[in-house]
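Have a look at structure.tsv below; it lists TSV, C-alpha atoms.
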chain	number	residue	atom	x	y	z
A	1	MET	CA	29.73	42.82	52.82
A	2	THR	CA	26.93	41.03	50.94
A	3	MET	CA	27.37	40.38	47.27
A	4	ARG	CA	24.36	40.65	45.06
A	5	ALA	CA	24.16	38.46	41.96
A	6	ALA	CA	24.34	40.25	38.67
A	7	PRO	CA	21.12	40.24	36.63
A	8	TRP	CA	20.73	38.05	33.55
A	9	SER	CA	20.74	39.91	30.28
A	10	PRO	CA	18.82	39.08	27.10
A	11	GLY	CA	21.97	38.48	25.08
A	12	PRO	CA	22.26	36.22	22.06
A	13	LEU	CA	20.73	32.77	22.52
A	14	ASP	CA	23.03	29.79	22.65
A	15	ASP	CA	21.87	26.51	21.15
A	16	HIS	CA	24.21	23.71	22.10
A	17	ARG	CA	21.51	21.10	22.56
A	18	PRO	CA	22.20	17.62	21.12
A	19	GLU	CA	20.49	16.66	17.86
A	20	PRO	CA	17.31	14.61	18.38
A	21	ALA	CA	17.88	10.91	17.75
A	22	PRO	CA	16.78	9.82	14.26
A	23	ARG	CA	13.92	7.33	13.88
A	24	VAL	CA	14.28	4.25	11.68
A	25	LEU	CA	10.85	3.40	10.27
A	26	PRO	CA	9.88	0.16	8.52
A	27	TYR	CA	7.26	0.27	5.77
A	28	HIS	CA	4.19	-0.24	7.97
A	29	ARG	CA	5.23	2.70	10.23
A	30	LEU	CA	5.96	5.21	7.45
A	31	ALA	CA	3.03	7.44	8.43
A	32	HIS	CA	5.17	8.54	11.39
A	33	ALA	CA	7.67	10.07	8.96
A	34	ASP	CA	5.24	12.99	8.59
A	35	PRO	CA	5.29	15.42	11.56
A	36	GLU	CA	1.66	16.26	10.74
A	37	HIS	CA	0.63	12.66	11.45
A	38	ARG	CA	-2.46	12.23	13.64
A	39	TRP	CA	-4.07	8.93	14.68
A	40	TRP	CA	-7.49	9.84	13.24
A	41	LYS	CA	-6.31	10.84	9.77
A	42	PRO	CA	-6.50	7.37	8.14
A	43	LEU	CA	-10.19	7.18	9.11
A	44	VAL	CA	-10.94	10.43	7.29
A	45	GLU	CA	-8.75	9.22	4.44
A	46	LEU	CA	-10.90	6.07	4.20
A	47	LEU	CA	-14.08	8.14	3.96
A	48	LEU	CA	-12.58	10.34	1.24
A	49	PHE	CA	-11.30	7.29	-0.63
A	50	GLY	CA	-14.74	5.67	-0.52
A	51	ALA	CA	-16.43	8.86	-1.74
A	52	PHE	CA	-13.97	9.41	-4.59
A	53	TYR	CA	-14.15	5.75	-5.64
A	54	LEU	CA	-17.95	5.78	-5.61
A	55	VAL	CA	-18.06	8.85	-7.87
A	56	LEU	CA	-15.47	7.41	-10.27
A	57	THR	CA	-17.22	4.03	-10.52
A	58	VAL	CA	-20.62	5.63	-11.16
A	59	VAL	CA	-19.18	7.81	-13.92
A	60	PHE	CA	-17.29	4.86	-15.39
A	61	GLY	CA	-20.38	2.63	-15.21
A	62	ILE	CA	-22.47	5.16	-17.10
A	63	VAL	CA	-19.82	5.62	-19.81
A	64	TRP	CA	-19.32	1.85	-20.09
A	65	ALA	CA	-23.09	1.16	-20.38
A	66	VAL	CA	-23.55	3.84	-23.04
A	67	GLY	CA	-20.59	2.45	-25.01
A	68	LEU	CA	-21.92	-1.13	-24.75
A	69	MET	CA	-25.36	-0.10	-26.01
A	70	ALA	CA	-23.79	1.88	-28.85
A	71	VAL	CA	-21.76	-1.15	-29.99
A	72	ARG	CA	-24.11	-4.07	-29.22
A	73	GLY	CA	-27.53	-2.46	-28.95
A	74	GLU	CA	-29.92	-2.05	-26.04
A	75	GLU	CA	-30.70	-5.79	-25.97
A	76	ALA	CA	-27.20	-6.55	-24.66
A	77	MET	CA	-27.70	-4.16	-21.75
A	78	ASP	CA	-31.14	-5.62	-21.01
A	79	ASP	CA	-29.66	-9.12	-20.84
A	80	LEU	CA	-27.03	-7.99	-18.35
A	81	VAL	CA	-29.59	-6.29	-16.13
A	82	LEU	CA	-31.97	-9.28	-16.20
A	83	ASP	CA	-29.28	-11.90	-15.54
A	84	ALA	CA	-26.27	-10.28	-13.89
A	85	THR	CA	-25.23	-13.65	-12.42
A	86	ALA	CA	-24.53	-15.04	-15.89
A	87	LEU	CA	-21.66	-12.64	-16.58
A	88	ASP	CA	-18.97	-14.22	-18.73
A	89	ILE	CA	-15.64	-12.85	-17.57
A	90	MET	CA	-14.09	-13.84	-20.92
A	91	ASP	CA	-16.44	-11.51	-22.75
A	92	PRO	CA	-14.10	-8.57	-23.55
A	93	ALA	CA	-16.70	-5.97	-22.51
A	94	ILE	CA	-17.37	-7.68	-19.18
A	95	PHE	CA	-13.65	-8.30	-18.63
A	96	PHE	CA	-12.90	-4.60	-19.13
A	97	MET	CA	-15.72	-3.50	-16.84
A	98	LEU	CA	-14.74	-5.82	-13.98
A	99	PHE	CA	-11.00	-5.19	-14.07
A	100	PHE	CA	-10.92	-1.48	-14.93
A	101	SER	CA	-13.43	-0.65	-12.20
A	102	LEU	CA	-10.77	-1.84	-9.73
A	103	VAL	CA	-8.09	0.27	-11.40
A	104	LEU	CA	-10.11	3.33	-10.37
A	105	MET	CA	-9.02	2.71	-6.77
A	106	ILE	CA	-5.61	4.17	-7.70
A	107	PRO	CA	-6.73	7.78	-8.41
A	108	ALA	CA	-9.30	7.62	-5.59
A	109	LEU	CA	-6.73	6.60	-2.97
A	110	LEU	CA	-4.05	8.99	-4.23
A	111	ALA	CA	-6.52	11.89	-4.10
A	112	ALA	CA	-7.47	11.00	-0.52
A	113	ARG	CA	-3.81	10.69	0.47
A	114	ALA	CA	-3.00	14.06	-1.17
A	115	ILE	CA	-5.60	15.70	1.07
A	116	MET	CA	-4.93	13.92	4.36
A	117	GLY	CA	-1.26	12.91	4.11
A	118	PRO	CA	1.18	11.65	5.16
A	119	ARG	CA	3.53	13.24	2.69
A	120	PRO	CA	5.21	12.57	0.39
A	121	ILE	CA	2.44	10.53	-1.27
A	122	GLY	CA	5.10	8.16	-2.61
A	123	LEU	CA	5.49	6.69	0.88
A	124	LEU	CA	2.56	4.48	-0.11
A	125	LEU	CA	4.88	2.83	-2.64
A	126	SER	CA	8.10	2.30	-0.70
A	127	VAL	CA	10.38	3.62	2.01
A	128	THR	CA	12.18	5.69	-0.66
A	129	GLY	CA	9.00	7.60	-1.51
A	130	ARG	CA	8.80	6.20	-5.06
A	131	LEU	CA	8.33	2.99	-7.02
A	132	ARG	CA	11.69	1.24	-7.43
A	133	TRP	CA	11.38	0.21	-11.06
A	134	GLY	CA	14.60	-1.81	-11.20
A	135	PHE	CA	13.60	-3.88	-8.18
A	136	LEU	CA	10.10	-4.33	-9.63
A	137	ALA	CA	11.56	-5.64	-12.90
A	138	ARG	CA	13.73	-8.16	-11.05
A	139	CYS	CA	10.74	-9.34	-9.02
A	140	LEU	CA	8.69	-9.78	-12.21
A	141	LEU	CA	11.42	-11.92	-13.76
A	142	VAL	CA	11.65	-14.09	-10.65
A	143	ALA	CA	7.87	-14.53	-10.52
A	144	LEU	CA	7.66	-15.38	-14.24
A	145	GLY	CA	10.36	-18.00	-13.87
A	146	ILE	CA	8.74	-19.62	-10.83
A	147	TYR	CA	5.24	-19.69	-12.35
A	148	ALA	CA	6.59	-21.12	-15.61
A	149	LEU	CA	8.31	-23.94	-13.72
A	150	GLY	CA	5.31	-24.51	-11.46
A	151	HIS	CA	2.79	-24.79	-14.28
A	152	ALA	CA	5.17	-26.94	-16.31
A	153	ALA	CA	5.39	-29.33	-13.36
A	154	ALA	CA	1.59	-29.32	-13.06
A	155	LEU	CA	1.30	-30.12	-16.79
A	156	VAL	CA	3.71	-33.05	-16.46
A	157	LEU	CA	1.70	-34.36	-13.50
A	158	GLU	CA	-1.53	-34.00	-15.48
A	159	LEU	CA	-0.02	-35.88	-18.44
A	160	ALA	CA	1.08	-38.68	-16.15
A	161	THR	CA	-2.26	-39.06	-14.39
A	162	LEU	CA	-5.00	-37.86	-16.76
A	163	GLY	CA	-3.40	-38.08	-20.18
A	164	ALA	CA	-3.00	-35.30	-22.73
A	165	PRO	CA	-4.98	-32.14	-21.96
A	166	PRO	CA	-7.37	-30.71	-24.57
A	167	PRO	CA	-5.81	-28.43	-27.21
A	168	PRO	CA	-6.07	-24.64	-26.78
A	169	ARG	CA	-9.32	-23.10	-28.03
A	170	PRO	CA	-9.03	-19.31	-27.92
A	171	VAL	CA	-12.26	-17.63	-26.86
A	172	GLU	CA	-14.17	-15.13	-28.95
A	173	GLY	CA	-12.56	-11.69	-28.87
A	174	PHE	CA	-9.20	-13.31	-28.09
A	175	TRP	CA	-6.99	-10.41	-29.23
A	176	TRP	CA	-9.08	-7.84	-27.36
A	177	LEU	CA	-8.60	-9.96	-24.24
A	178	ILE	CA	-4.85	-10.23	-24.79
A	179	ALA	CA	-4.59	-6.44	-25.06
A	180	MET	CA	-6.52	-5.97	-21.81
A	181	ILE	CA	-4.57	-8.69	-20.02
A	182	VAL	CA	-1.35	-6.88	-20.89
A	183	LEU	CA	-2.58	-3.33	-20.21
A	184	VAL	CA	-5.38	-3.51	-17.62
A	185	VAL	CA	-4.64	-6.54	-15.44
A	186	PRO	CA	-1.26	-5.18	-14.15
A	187	LEU	CA	-2.98	-1.93	-13.17
A	188	GLN	CA	-5.77	-3.86	-11.43
A	189	CYS	CA	-3.18	-5.81	-9.43
A	190	ALA	CA	-1.27	-2.63	-8.55
A	191	ALA	CA	-4.53	-1.00	-7.39
A	192	GLU	CA	-5.36	-3.88	-5.05
A	193	GLU	CA	-1.83	-3.89	-3.64
A	194	LEU	CA	-1.95	-0.12	-3.13
A	195	VAL	CA	-5.11	-0.53	-1.03
A	196	PHE	CA	-4.60	-3.83	0.80
A	197	ARG	CA	-0.80	-3.86	1.24
A	198	GLY	CA	-0.30	-0.10	1.08
A	199	TYR	CA	-3.09	1.84	2.75
A	200	LEU	CA	-4.27	-0.92	5.13
A	201	LEU	CA	-0.78	-2.04	6.16
A	202	GLN	CA	0.25	1.53	6.95
A	203	THR	CA	-3.06	2.32	8.65
A	204	VAL	CA	-2.66	-0.57	11.10
A	205	GLY	CA	0.99	0.45	11.48
A	206	ARG	CA	-0.06	3.93	12.63
A	207	TRP	CA	-1.72	2.41	15.67
A	208	LEU	CA	0.18	-0.84	16.30
A	209	ARG	CA	3.96	-1.13	16.27
A	210	ARG	CA	4.36	-4.89	15.66
A	211	PRO	CA	4.40	-5.80	11.94
A	212	VAL	CA	2.50	-9.05	12.50
A	213	PHE	CA	-0.69	-7.07	13.12
A	214	ALA	CA	-0.22	-4.92	10.01
A	215	ILE	CA	0.39	-8.02	7.89
A	216	LEU	CA	-2.41	-10.25	9.20
A	217	LEU	CA	-5.32	-7.91	10.05
A	218	PRO	CA	-6.02	-6.90	6.39
A	219	VAL	CA	-5.95	-10.55	5.22
A	220	PRO	CA	-9.67	-11.32	5.85
A	221	LEU	CA	-10.76	-8.21	3.93
A	222	PHE	CA	-8.71	-9.26	0.91
A	223	THR	CA	-9.67	-12.94	1.17
A	224	PHE	CA	-13.43	-12.57	1.44
A	225	GLY	CA	-13.49	-10.12	-1.45
A	226	HIS	CA	-13.16	-13.23	-3.65
A	227	LEU	CA	-15.95	-15.72	-4.35
A	228	TYR	CA	-14.31	-19.14	-4.08
A	229	ASP	CA	-14.73	-22.33	-2.15
A	230	VAL	CA	-12.67	-23.12	0.95
A	231	TRP	CA	-9.59	-24.23	-1.02
A	232	GLY	CA	-9.72	-21.14	-3.20
A	233	LEU	CA	-10.14	-18.79	-0.23
A	234	LEU	CA	-7.21	-20.44	1.53
A	235	ALA	CA	-5.07	-19.89	-1.58
A	236	VAL	CA	-6.05	-16.21	-1.60
A	237	ALA	CA	-5.25	-15.91	2.12
A	238	VAL	CA	-1.81	-17.46	1.63
A	239	MET	CA	-1.08	-14.99	-1.15
A	240	ALA	CA	-2.23	-12.08	1.04
A	241	VAL	CA	0.06	-13.15	3.90
A	242	VAL	CA	3.05	-13.64	1.57
A	243	ALA	CA	2.43	-10.28	-0.15
A	244	GLY	CA	2.06	-8.46	3.18
A	245	TRP	CA	5.22	-10.05	4.60
A	246	LEU	CA	7.17	-9.16	1.44
A	247	THR	CA	5.95	-5.57	1.58
A	248	TRP	CA	7.21	-5.20	5.15
A	249	ARG	CA	10.41	-7.19	4.55
A	250	THR	CA	11.45	-5.36	1.34
A	251	GLY	CA	10.22	-1.91	2.34
A	252	GLY	CA	7.78	-1.44	-0.54
A	253	LEU	CA	5.01	-2.76	-2.77
A	254	GLU	CA	7.17	-3.88	-5.70
A	255	ALA	CA	7.46	-7.57	-4.78
A	256	ALA	CA	3.77	-7.86	-3.89
A	257	ILE	CA	2.77	-6.16	-7.15
A	258	ALA	CA	5.02	-8.49	-9.18
A	259	LEU	CA	3.58	-11.60	-7.51
A	260	HIS	CA	-0.01	-10.41	-7.98
A	261	VAL	CA	0.54	-9.37	-11.60
A	262	VAL	CA	2.11	-12.66	-12.69
A	263	ASN	CA	-0.51	-14.70	-10.83
A	264	ASN	CA	-3.45	-12.85	-12.42
A	265	VAL	CA	-1.91	-12.57	-15.89
A	266	VAL	CA	-1.20	-16.32	-16.01
A	267	ALA	CA	-4.72	-17.17	-14.78
A	268	THR	CA	-6.43	-14.90	-17.31
A	269	LEU	CA	-4.18	-16.09	-20.15
A	270	PHE	CA	-5.23	-19.68	-19.43
A	271	GLY	CA	-8.83	-18.52	-19.65
A	272	ALA	CA	-8.27	-16.62	-22.90
A	273	PHE	CA	-6.72	-19.75	-24.48
A	274	GLY	CA	-9.64	-21.87	-23.31
A	275	LEU	CA	-7.44	-23.97	-21.02
A	276	ALA	CA	-9.21	-22.98	-17.79
A	277	ASP	CA	-12.53	-21.60	-16.64
A	278	PRO	CA	-11.88	-18.24	-14.95
A	279	ASP	CA	-15.49	-18.17	-13.71
A	280	ALA	CA	-14.98	-21.39	-11.72
A	281	GLN	CA	-15.29	-20.99	-7.95
A	282	GLU	CA	-14.11	-24.48	-7.01
A	283	SER	CA	-10.50	-25.40	-6.32
A	284	THR	CA	-8.55	-28.32	-4.86
A	285	GLY	CA	-6.02	-28.98	-2.16
A	286	LEU	CA	-3.44	-29.77	-4.83
A	287	ALA	CA	-3.94	-26.35	-6.44
A	288	LEU	CA	-3.57	-24.72	-3.02
A	289	ALA	CA	-0.32	-26.61	-2.36
A	290	LEU	CA	1.10	-25.66	-5.78
A	291	SER	CA	0.26	-21.96	-5.49
A	292	ALA	CA	1.52	-21.76	-1.88
A	293	ALA	CA	4.80	-23.47	-2.84
A	294	MET	CA	5.37	-21.05	-5.74
A	295	GLN	CA	4.63	-18.01	-3.60
A	296	VAL	CA	6.82	-19.07	-0.68
A	297	LEU	CA	9.69	-19.84	-3.09
A	298	PHE	CA	9.18	-16.45	-4.72
A	299	ALA	CA	9.32	-14.70	-1.32
A	300	TRP	CA	12.53	-16.49	-0.35
A	301	LEU	CA	14.29	-15.63	-3.64
A	302	VAL	CA	13.12	-12.01	-3.60
A	303	VAL	CA	14.30	-11.38	-0.04
A	304	ARG	CA	17.69	-12.86	-0.91
A	305	ALA	CA	17.92	-10.65	-4.02
A	306	ALA	CA	16.87	-7.57	-2.03
A	307	ARG	CA	19.61	-8.23	0.52
A	308	LYS	CA	22.19	-8.85	-2.21
A	309	HIS	CA	21.39	-5.63	-4.10
A	310	GLY	CA	21.11	-3.48	-0.98
A	311	VAL	CA	17.41	-2.65	-1.37
A	312	GLU	CA	16.37	-0.14	1.29
A	313	VAL	CA	13.88	-1.63	3.73
A	314	THR	CA	13.58	1.23	6.24
A	315	ARG	CA	13.43	5.03	6.16
A	316	THR	CA	15.51	7.16	8.53
A	317	VAL	CA	13.73	10.28	9.72
A	318	ARG	CA	15.23	13.08	11.80
A	319	PRO	CA	12.67	14.71	14.10
A	320	PRO	CA	12.58	18.52	13.90
A	321	ARG	CA	14.52	20.29	16.65
A	322	PRO	CA	12.34	22.10	19.20
A	323	ALA	CA	12.34	25.82	18.63
A	324	VAL	CA	14.48	28.03	20.89
A	325	LEU	CA	12.48	30.98	22.15
A	326	GLY	CA	13.65	34.52	21.95
A	327	PRO	CA	12.08	37.89	22.81
A	328	GLY	CA	8.38	38.00	21.99
A	329	ALA	CA	7.97	34.21	21.86
A	330	PRO	CA	5.05	32.62	23.74
A	331	ALA	CA	5.75	31.78	27.37
A	332	TRP	CA	4.98	28.89	29.67
A	333	GLY	CA	4.97	26.11	27.09
A	334	GLY	CA	2.45	27.72	24.74
A	335	PRO	CA	2.29	26.92	21.02
A	336	GLY	CA	5.76	26.95	19.57
A	337	ALA	CA	7.42	26.90	22.98
A	338	GLY	CA	10.72	25.07	23.12
A	339	ALA	CA	12.19	26.43	26.41
A	340	TRP	CA	11.10	28.03	29.66
A	341	VAL	CA	10.52	31.76	29.42
A	342	CYS	CA	10.66	34.18	32.33
A	343	PRO	CA	7.31	36.05	32.40
A	344	GLY	CA	8.54	38.68	34.88
A	345	PRO	CA	7.18	39.62	38.31
A	346	PRO	CA	4.94	38.82	40.04
A	347	ALA	CA	4.36	35.55	38.15
A	348	CYS	CA	8.05	34.70	38.57
A	349	PRO	CA	9.04	35.14	42.24
A	350	GLY	CA	12.70	34.53	41.45
A	351	HIS	CA	12.77	37.27	38.78
A	352	TRP	CA	15.88	39.49	39.02
A	353	ALA	CA	15.76	43.16	38.52
A	354	GLY	CA	16.73	44.25	35.07
A	355	GLN	CA	15.55	41.07	33.32
A	356	ALA	CA	13.11	41.82	30.54
A	357	PRO	CA	9.91	39.73	30.79
A	358	GLY	CA	9.43	37.16	28.03
A	359	THR	CA	13.13	36.44	27.47
A	360	VAL	CA	15.13	33.26	27.88
A	361	PRO	CA	17.74	33.66	30.65
A	362	GLN	CA	21.34	33.27	29.54
A	363	ARG	CA	23.28	30.29	30.89
A	364	LEU	CA	26.00	31.19	33.34
A	365	PRO	CA	29.52	30.52	32.14
As structure tokens, please, write out the structure in this file.
Amino acid sequence: MTMRAAPWSPGPLDDHRPEPAPRVLPYHRLAHADPEHRWWKPLVELLLFGAFYLVLTVVFGIVWAVGLMAVRGEEAMDDLVLDATALDIMDPAIFFMLFFSLVLMIPALLAARAIMGPRPIGLLLSVTGRLRWGFLARCLLVALGIYALGHAAALVLELATLGAPPPPRPVEGFWWLIAMIVLVVPLQCAAEELVFRGYLLQTVGRWLRRPVFAILLPVPLFTFGHLYDVWGLLAVAVMAVVAGWLTWRTGGLEAAIALHVVNNVVATLFGAFGLADPDAQESTGLALALSAAMQVLFAWLVVRAARKHGVEVTRTVRPPRPAVLGPGAPAWGGPGAGAWVCPGPPACPGHWAGQAPGTVPQRLP
């Protein structure tokens, strides 16, 4: 006597599949934390960022020009238009225009990221999805200490070789400059880090897995955005590499922002006190060696501190579980399909009588 197999029935679905393995993402790969990630999205994000930044800078330029003419008269604006190469960065109005125009990159980039993702937007800042203020404060203290010691050593060397330096001669509009150095320069530095060590690092990391590419490929863009001689450009490149490596190694922008802020604040303070010419484009090998030594020492101390305080350097992401199909779900691997679905005869030659088309067969005990 032949036995016929009993038909499958569309009973309750069992789901004993193992959990998908979590992914551990370093900073430059954080875009992959968003399931909506697509390879082309950073290109659209760049276009949106450029459009938003262009609009903001045009509006800001108009407001700034109107304000300058209201305070100094139309002659001041005519002089700037006729001789734009003679801009004095220590003029408070020029200082504000140059530095605040870079700050506008922050809202432009955040708006582009809000539209295109990945989300949360705070992944631009760190693996935790936010700015780690405590870690940022510690990095600022370390950078201040290193730059104080470095410039003190440079002063001693200058005294030994060249004699006493000239006394400080604060420039005109000194207190306006001090206010902007304290309030605007840190935002300018944060804006540049958000773009060059945030957006660009993560954009390269969307396409290339190795961090060395994410760290090094944005360096030329950052370096040649500055108008210096060879020694000065090399100093900028060293800072870009150190900042990029720190961003990857500490899982966020805090260390790079701290280094950039202290570097720029010290340089502009020297200019405000008349001790240096911030418009100078020439540098020396000695200046390159001093700045590189300070930045490498800063990186070493910060990484040690991050390890000691347990700073998070990666983000663990659990992929969503594939959906289990039930009655009425799409068949044959269509959108939303997570399992094979019997479509019924004649498309399924092995279909058993009594099995409703479109259901997931029960597993045999």
### Message
Can you pull out the residues contacting stretch 201-211 of chain A? Cut-off 9 Å, using only C-alpha atoms, and skip same-chain residues under 2 positions away; I want them as a VMD selection string.
### Response
chain A and resid 26 to 32 37 to 39 42 to 43 124 195 to 199 213 to 218 244 to 245 247 to 248
### Task
Quick one: everything within 10 Å of A:Leu125, counting all atoms listed in the file, minus sequence neighbours fewer than 3 positions away in the same chain. Send it as an MDAnalysis selection string.
chainID A and resid 27 121:122 128:132 193:194 197:199 247 251:254
#### Entry: Pairwise distance for atom CA of A:Arg304 and atom CA of A:Leu123, rounded to one decimal in Å
23.1 Å
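Rounded to one decimal, atom CA of A:Leu221 and atom CA of A:Ala243 lie 14.0 Å from each other.
Residues within 10 Å of A:Ala33, counting all atoms listed in the file and excluding same-chain residues fewer than 2 positions away, are Arg23, Val24, Leu25, Arg29, Leu30, Ala31, Pro35, Glu36, His37, Pro118, Arg119, Pro120, Leu123, Val127, Arg315, Thr316, Val317, Arg318 and Pro319 of chain A.
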### Query
Hey, which of A:Arg138, A:Arg113, A:His260, A:His226 ends up closest to A:Phe49? Count all atoms listed in the file.
A:Arg113
### Task
Measuring atom to atom with only C-alpha atoms, identify which of A:Ala154, A:Pro166, A:Met239, A:Met97 is nearest to A:Val63.
A:Met97
### Selected residue of minimal separation from A:Ala108 among A:Gly50, A:Pro22, A:Gly67, A:Gly73, counting all atoms listed in the file
A:Gly50
#### Entry: Between atom CA of A:Thr314 and atom CA of A:Leu246, distance in Å (one decimal)
13.1 Å
Could you put an axis-aligned box around every listed atom of stretch 127-140 of chain A, padded by 5 Å on each side, and send me its centre and edge lengths in Å to one decimal, as JSON?
{"center_x": 11.5, "center_y": -1.1, "center_z": -5.4, "size_x": 16.3, "size_y": 27.4, "size_z": 24.9}
#### Entry: Nearest residue to A:Gly274 from the set A:Leu140, A:Ala306, A:Met90, A:Val171 (distances using all atoms listed in the file)
A:Val171
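Nearest-residue note for A:Pro186: choosing from A:Gln295, A:Gln281, A:Thr57, A:Thr268, the minimum distance belongs to A:Thr268, counting only C-alpha atoms.
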### Message
Need the shell around stretch 104-107 of chain A: protein/DNA/RNA residues with any atom at most 7 Å away, counting only C-alpha atoms. Skip same-chain ones fewer than 5 positions apart. Format as a ChimeraX atom specification?
### Response
/A:53,56,191
### Query
Within 12 Å of (-5.1, -20.1, -12.2), only C-alpha atoms: residues as a PyMOL selection string?
chain A and resi 147+150-151+154+232+235-236+260+262-272+275-284+287-288+290-291
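Proximity of A:Ala240, A:Ala21, A:Ala256, A:Leu162 to A:Ala143, computed with all atoms listed in the file, is greatest for A:Ala256.
Every protein or nucleic acid residue with an atom no more than 12 Å from A:Phe60, counting all atoms listed in the file and leaving out same-chain residues fewer than 5 positions away, appears here: Tyr53, Leu54, Val55, Ala65, Val66, Gly67, Phe96, Met97, Leu98, Phe99, Phe100, Ser101, Leu102, Val103 and Leu104 of chain A.
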